[in-house]
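Reproduced below: entry08.txt, with compact mmCIF, C-alpha atoms.
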```
# COMPACT_ATOMS: atom_id res chain seq x y z
CA MET D 1 139.23 33.33 7.64
CA VAL D 2 138.17 35.54 4.73
CA GLN D 3 134.87 36.10 6.51
CA SER D 4 136.73 37.27 9.64
CA VAL D 5 138.85 39.67 7.58
CA ILE D 6 135.71 41.16 6.00
CA CYS D 7 134.05 41.60 9.41
CA GLU D 8 137.14 43.32 10.81
CA LEU D 9 137.37 45.60 7.76
CA LEU D 10 133.70 46.56 8.10
CA LEU D 11 134.34 47.57 11.71
CA PHE D 12 137.49 49.43 10.66
CA GLY D 13 135.57 51.30 7.93
CA ALA D 14 132.81 52.33 10.33
CA CYS D 15 135.41 53.56 12.80
CA LEU D 16 137.38 55.43 10.13
CA LEU D 17 134.27 57.34 9.06
CA ALA D 18 133.33 58.02 12.70
CA VAL D 19 136.86 59.24 13.50
CA THR D 20 136.82 61.59 10.51
CA LEU D 21 133.47 63.10 11.50
CA SER D 22 134.45 63.33 15.17
CA LEU D 23 137.65 65.20 14.41
CA ARG D 24 135.84 67.48 11.98
CA ALA D 25 133.37 68.35 14.78
CA GLY D 26 136.18 68.99 17.26
CA HIS D 27 135.46 65.89 19.36
CA TYR D 28 139.07 64.79 19.71
CA TRP D 29 138.63 62.37 22.62
CA ARG D 30 135.76 60.63 20.83
CA GLY D 31 137.94 60.43 17.73
CA LEU D 32 140.76 58.84 19.73
CA GLY D 33 138.42 56.27 21.29
CA LEU D 34 137.01 55.30 17.91
CA ALA D 35 140.52 55.26 16.41
CA LEU D 36 141.60 52.72 19.04
CA ILE D 37 138.69 50.45 18.11
CA GLY D 38 139.51 50.92 14.42
CA LEU D 39 143.21 50.17 14.96
CA ALA D 40 142.37 46.93 16.76
CA ALA D 41 140.03 45.99 13.90
CA LEU D 42 142.63 46.76 11.22
CA LEU D 43 145.29 44.74 13.04
CA GLY D 44 142.72 41.96 13.40
CA ALA D 45 142.11 42.00 9.65
CA PHE D 46 145.85 41.57 9.05
CA HIS D 47 146.03 38.80 11.66
CA TYR D 48 143.06 36.86 10.24
CA ALA D 49 144.49 37.31 6.73
CA GLY D 50 147.43 35.18 7.85
CA MET D 51 149.96 37.70 9.18
CA GLU D 52 150.75 35.93 12.45
CA THR D 53 153.40 38.51 13.34
CA VAL D 54 150.70 41.11 14.12
CA LYS D 55 148.86 38.83 16.56
CA PRO D 56 150.52 40.34 19.69
CA LEU D 57 149.83 43.86 18.40
CA HIS D 58 146.21 42.95 17.69
CA GLN D 59 145.79 41.50 21.18
CA ALA D 60 147.39 44.56 22.80
CA ALA D 61 145.31 47.01 20.75
CA SER D 62 142.13 45.05 21.49
CA SER D 63 142.91 45.03 25.21
CA LEU D 64 143.69 48.76 25.28
CA SER D 65 140.60 49.57 23.25
CA GLY D 66 138.40 47.42 25.47
CA ARG D 67 139.60 49.28 28.54
CA VAL D 68 139.60 52.95 27.47
CA SER D 69 137.76 53.48 24.16
CA LEU D 70 134.28 53.88 25.64
CA LEU D 71 135.59 56.31 28.27
CA LEU D 72 137.19 58.42 25.53
CA ILE D 73 134.05 58.30 23.37
CA ALA D 74 131.96 59.37 26.36
CA ALA D 75 134.31 62.30 26.99
CA ALA D 76 133.74 63.45 23.37
CA SER D 77 134.71 67.11 23.29
CA LEU D 78 136.00 67.59 26.82
CA VAL D 79 138.29 70.62 26.96
CA GLY D 80 140.46 72.31 29.53
CA PRO D 81 143.69 71.17 31.12
CA ALA D 82 142.10 70.05 34.41
CA ARG D 83 139.38 68.05 32.68
CA ASN D 84 141.84 66.48 30.28
CA ALA D 85 144.12 65.52 33.17
CA LEU D 86 141.17 63.95 34.99
CA LEU D 87 140.22 62.00 31.86
CA LEU D 88 143.77 60.72 31.41
CA ALA D 89 143.88 59.70 35.08
CA LEU D 90 140.58 57.82 34.69
CA ALA D 91 141.93 56.10 31.57
CA GLY D 92 145.02 55.06 33.54
CA VAL D 93 142.82 53.64 36.29
CA MET D 94 140.74 51.74 33.72
CA LEU D 95 143.91 50.04 32.47
CA TRP D 96 144.70 48.60 35.90
CA LEU D 97 141.24 47.77 37.23
CA PRO D 98 140.17 44.14 37.59
CA ALA D 99 138.02 42.95 34.68
CA GLN D 100 134.68 43.25 36.51
CA ALA D 101 135.43 46.80 37.70
CA ALA D 102 136.50 47.80 34.18
CA LEU D 103 133.22 46.34 32.88
CA ALA D 104 131.34 48.55 35.34
CA GLY D 105 133.35 51.56 34.13
CA ASN D 106 132.47 50.74 30.53
CA VAL D 107 128.77 50.43 31.40
CA LEU D 108 128.94 53.88 33.03
CA ALA D 109 130.62 55.25 29.90
CA LEU D 110 127.85 53.75 27.76
CA MET D 111 125.27 55.45 29.98
CA VAL D 112 126.98 58.80 29.36
CA ILE D 113 127.08 58.12 25.61
CA ALA D 114 123.34 57.31 25.65
CA TRP D 115 122.44 60.36 27.76
CA LYS D 116 119.52 62.26 26.27
CA GLY D 117 120.58 65.56 24.74
CA ARG D 118 124.03 64.39 23.62
CA SER D 119 122.83 63.40 20.15
CA ARG D 120 120.48 64.79 17.52
CA HIS D 121 118.83 61.36 17.28
CA TRP D 122 118.85 60.05 20.83
CA PRO D 123 117.15 56.67 20.10
CA LEU D 124 119.99 55.80 17.70
CA ALA D 125 122.56 56.63 20.37
CA ILE D 126 120.76 54.28 22.76
CA ALA D 127 120.58 51.59 20.07
CA GLY D 128 124.34 51.90 19.56
CA CYS D 129 124.95 51.52 23.28
CA LEU D 130 122.66 48.50 23.51
CA LEU D 131 124.40 46.91 20.52
CA PHE D 132 127.78 47.57 22.11
CA MET D 133 126.66 45.91 25.35
CA ALA D 134 125.11 43.02 23.43
CA ALA D 135 128.39 42.45 21.58
CA GLY D 136 130.33 42.05 24.78
CA LEU D 137 127.78 40.47 27.10
CA LEU D 138 125.66 38.31 24.79
CA VAL D 139 127.55 37.59 21.58
CA GLY D 140 131.09 37.21 22.93
CA THR D 141 134.04 35.97 20.92
CA GLN D 142 134.26 32.23 21.64
CA GLY D 143 132.55 29.44 19.71
CA GLU D 144 129.86 29.63 17.03
CA TRP D 145 126.28 30.75 16.79
CA LEU D 146 124.20 29.03 14.09
CA GLY D 147 127.42 28.05 12.33
CA ILE D 148 128.81 31.60 12.32
CA PRO D 149 131.89 32.32 14.44
CA ARG D 150 130.90 34.46 17.42
CA LEU D 151 134.01 36.56 16.85
CA ASP D 152 132.63 37.65 13.46
CA LEU D 153 129.22 38.39 14.98
CA PHE D 154 130.98 40.37 17.71
CA HIS D 155 132.77 42.56 15.17
CA LEU D 156 129.64 43.03 13.05
CA THR D 157 127.65 44.02 16.14
CA LEU D 158 130.33 46.57 17.06
CA ALA D 159 130.25 47.92 13.48
CA LEU D 160 126.46 48.32 13.76
CA ALA D 161 126.89 50.10 17.10
CA VAL D 162 129.38 52.55 15.59
CA GLY D 163 126.99 53.01 12.64
CA CYS D 164 124.16 53.87 15.02
CA TRP D 165 126.37 56.42 16.76
CA LEU D 166 127.26 57.90 13.35
CA LEU D 167 123.59 58.25 12.45
CA ALA D 168 122.77 59.65 15.90
CA GLY D 169 125.00 62.61 15.17
CA GLY D 170 126.43 65.05 17.65
CA PRO D 171 124.64 67.36 20.03
CA PRO D 172 121.33 68.86 18.90
CA LEU D 173 121.95 71.84 16.63
CA ARG D 174 120.88 74.34 19.27
CA GLN D 175 123.60 73.01 21.59
CA GLN D 176 126.46 72.68 19.12
CA ALA D 177 129.47 74.82 19.77
CA GLU D 178 131.92 75.99 17.16
CA PRO D 179 134.35 73.27 16.12
CA ARG D 180 137.49 73.43 18.23
CA THR D 181 140.56 74.37 16.29
CA PRO D 182 144.11 74.46 17.63
CA MET D 183 143.82 78.28 17.72
CA ARG D 184 140.63 78.13 19.87
CA LEU D 185 142.17 75.50 22.15
CA GLU D 186 145.06 77.86 22.94
CA LYS D 187 142.58 80.58 23.93
CA GLU D 188 140.49 78.15 26.04
CA GLY D 189 143.45 76.42 27.73
```
Can you give me the file's structure in the form of structure tokens?
Amino acid sequence: MVQSVICELLLFGACLLAVTLSLRAGHYWRGLGLALIGLAALLGAFHYAGMETVKPLHQAASSLSGRVSLLLIAAASLVGPARNALLLALAGVMLWLPAQAALAGNVLALMVIAWKGRSRHWPLAIAGCLLFMAAGLLVGTQGEWLGIPRLDLFHLTLALAVGCWLLAGGPPLRQQAEPRTPMRLEKEG
């Protein structure tokens, strides 16, 4: 169980750093998506440390994160009331879709995240997306792999994916806009 706690905390730490940098860059939706992943990881760390009372919260946060986090990360710095309303509607749809349709939505979100021109280091963005897909489609969470619980490998793979996205950075410097502040958002909205 200690190993599971460490894996969850590594994922939480990667997400915390990514959230901080996303918010600093004005990418609020990306920050929220990463925060949901981080929250699920932190609750998982408490659960695997023996706090059984957080198990339902961990399951709920993991389910919510699995449905909408990638969509929010893909939306990154979306601004404007109409676009934000569309994003929230899409997130609501993702919550109610059957599992296979939600998987297709997440694959589309990963394609947007990996889109060339969104990151300063595009190959790292693609690596993060491939790692994210590998975590869900290849590693999984049930059983063991070479004596290591797949759940731990799943969380480590997600932490590596978030790390790749951190290293990939935001848009190329020539495309970066000013960070969005609450004052600028009022003018834009």
Give me, please, the distance in Å between CA of Ala101 (chain D) and CA of Arg67 (chain D), quoted to one decimal.
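Taking CA of Ala101 (chain D) and CA of Arg67 (chain D), their separation equals 10.4 Å.
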Which residues of region 77-161 of chain D have any atom within 10 Å of an atom in region 29-37 of chain D when counting all atoms listed in the file, and what is the closest pair of atoms for each, with the distance in Å to one decimal? Order the rows by chain and rising number and write it as a Markdown table.
```
| residue | atom | partner | partner_atom | distance |
| --- | --- | --- | --- | --- |
| D:Ser77 | CA | D:Trp29 | CA | 6.2 |
| D:Leu78 | CA | D:Trp29 | CA | 7.2 |
| D:Val79 | CA | D:Trp29 | CA | 9.3 |
| D:Asn84 | CA | D:Trp29 | CA | 9.3 |
| D:Leu87 | CA | D:Trp29 | CA | 9.4 |
| D:Leu158 | CA | D:Ile37 | CA | 9.3 |
| D:Ala159 | CA | D:Ile37 | CA | 10.0 |
```
Please report the interatomic distance between CA of Lys55 (chain D) and CA of Ala40 (chain D) in Å with one decimal.
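Calculated distance between CA of Lys55 (chain D) and CA of Ala40 (chain D) is 10.4 Å.
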For CA of Ala99 (chain D) and CA of Ala161 (chain D), determine how far apart the two atoms are, in Å to one decimal place.
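Separating CA of Ala99 (chain D) from CA of Ala161 (chain D) is a distance of 22.0 Å.
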With distances taken over only C-alpha atoms, which residue among D:Leu167, D:Ala135, D:Ala82, D:Leu151 lies nearest Trp122 (chain D)?
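Residue with the minimum atom-to-atom distance to Trp122 (chain D): D:Leu167.
For the choices D:Arg83, D:Ala41, D:His121, D:Leu153, the atom-to-atom distance to Val139 (chain D) is smallest for D:Leu153 when using all atoms listed in the file.
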Nearby residues (all atoms listed in the file) at most 9 Å from Asn106 (chain D), same-chain spacing under 5 positions excluded, as a VMD selection string:
chain D and resid 66 to 71 94 101 111
Residue nearest Gly163 (chain D) - candidates D:Gly140, D:Gly128, D:Pro123, D:Gly92, atoms counted: only C-alpha atoms
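Once distances to Gly163 (chain D) are computed over only C-alpha atoms, the minimum belongs to D:Gly128.
Minimum distance to Gly136 (chain D) across D:His155, D:His58, D:Lys116, D:His47 (counting only C-alpha atoms) occurs at D:His155.
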Since the input lacks some atoms of region 7-18 of chain D, please model N, CA and C atoms and print them as a PDB file, keeping the file's coordinate frame.
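Output file selection19.pdb is given in full below:
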```
ATOM      1  N   CYS D   7     134.714  41.050   8.222  1.00  0.00           N
ATOM      2  CA  CYS D   7     134.050  41.600   9.410  1.00  0.00           C
ATOM      3  C   CYS D   7     134.924  42.647  10.091  1.00  0.00           C
ATOM      4  N   GLU D   8     136.217  42.359  10.206  1.00  0.00           N
ATOM      5  CA  GLU D   8     137.140  43.320  10.810  1.00  0.00           C
ATOM      6  C   GLU D   8     137.236  44.594   9.955  1.00  0.00           C
ATOM      7  N   LEU D   9     137.279  44.428   8.633  1.00  0.00           N
ATOM      8  CA  LEU D   9     137.370  45.600   7.760  1.00  0.00           C
ATOM      9  C   LEU D   9     136.098  46.436   7.793  1.00  0.00           C
ATOM     10  N   LEU D  10     134.947  45.799   7.953  1.00  0.00           N
ATOM     11  CA  LEU D  10     133.700  46.560   8.100  1.00  0.00           C
ATOM     12  C   LEU D  10     133.737  47.401   9.378  1.00  0.00           C
ATOM     13  N   LEU D  11     134.213  46.814  10.461  1.00  0.00           N
ATOM     14  CA  LEU D  11     134.340  47.570  11.710  1.00  0.00           C
ATOM     15  C   LEU D  11     135.357  48.692  11.544  1.00  0.00           C
ATOM     16  N   PHE D  12     136.484  48.400  10.900  1.00  0.00           N
ATOM     17  CA  PHE D  12     137.490  49.430  10.660  1.00  0.00           C
ATOM     18  C   PHE D  12     136.907  50.582   9.835  1.00  0.00           C
ATOM     19  N   GLY D  13     136.166  50.256   8.777  1.00  0.00           N
ATOM     20  CA  GLY D  13     135.570  51.300   7.930  1.00  0.00           C
ATOM     21  C   GLY D  13     134.590  52.171   8.695  1.00  0.00           C
ATOM     22  N   ALA D  14     133.757  51.559   9.521  1.00  0.00           N
ATOM     23  CA  ALA D  14     132.810  52.330  10.330  1.00  0.00           C
ATOM     24  C   ALA D  14     133.563  53.257  11.276  1.00  0.00           C
ATOM     25  N   CYS D  15     134.620  52.741  11.880  1.00  0.00           N
ATOM     26  CA  CYS D  15     135.410  53.560  12.800  1.00  0.00           C
ATOM     27  C   CYS D  15     136.136  54.685  12.075  1.00  0.00           C
ATOM     28  N   LEU D  16     136.671  54.401  10.902  1.00  0.00           N
ATOM     29  CA  LEU D  16     137.380  55.430  10.130  1.00  0.00           C
ATOM     30  C   LEU D  16     136.451  56.589   9.800  1.00  0.00           C
ATOM     31  N   LEU D  17     135.244  56.282   9.356  1.00  0.00           N
ATOM     32  CA  LEU D  17     134.270  57.340   9.060  1.00  0.00           C
ATOM     33  C   LEU D  17     133.913  58.100  10.338  1.00  0.00           C
ATOM     34  N   ALA D  18     133.693  57.378  11.431  1.00  0.00           N
ATOM     35  CA  ALA D  18     133.330  58.020  12.700  1.00  0.00           C
ATOM     36  C   ALA D  18     134.474  58.895  13.222  1.00  0.00           C
TER      37      ALA D  18
END
```
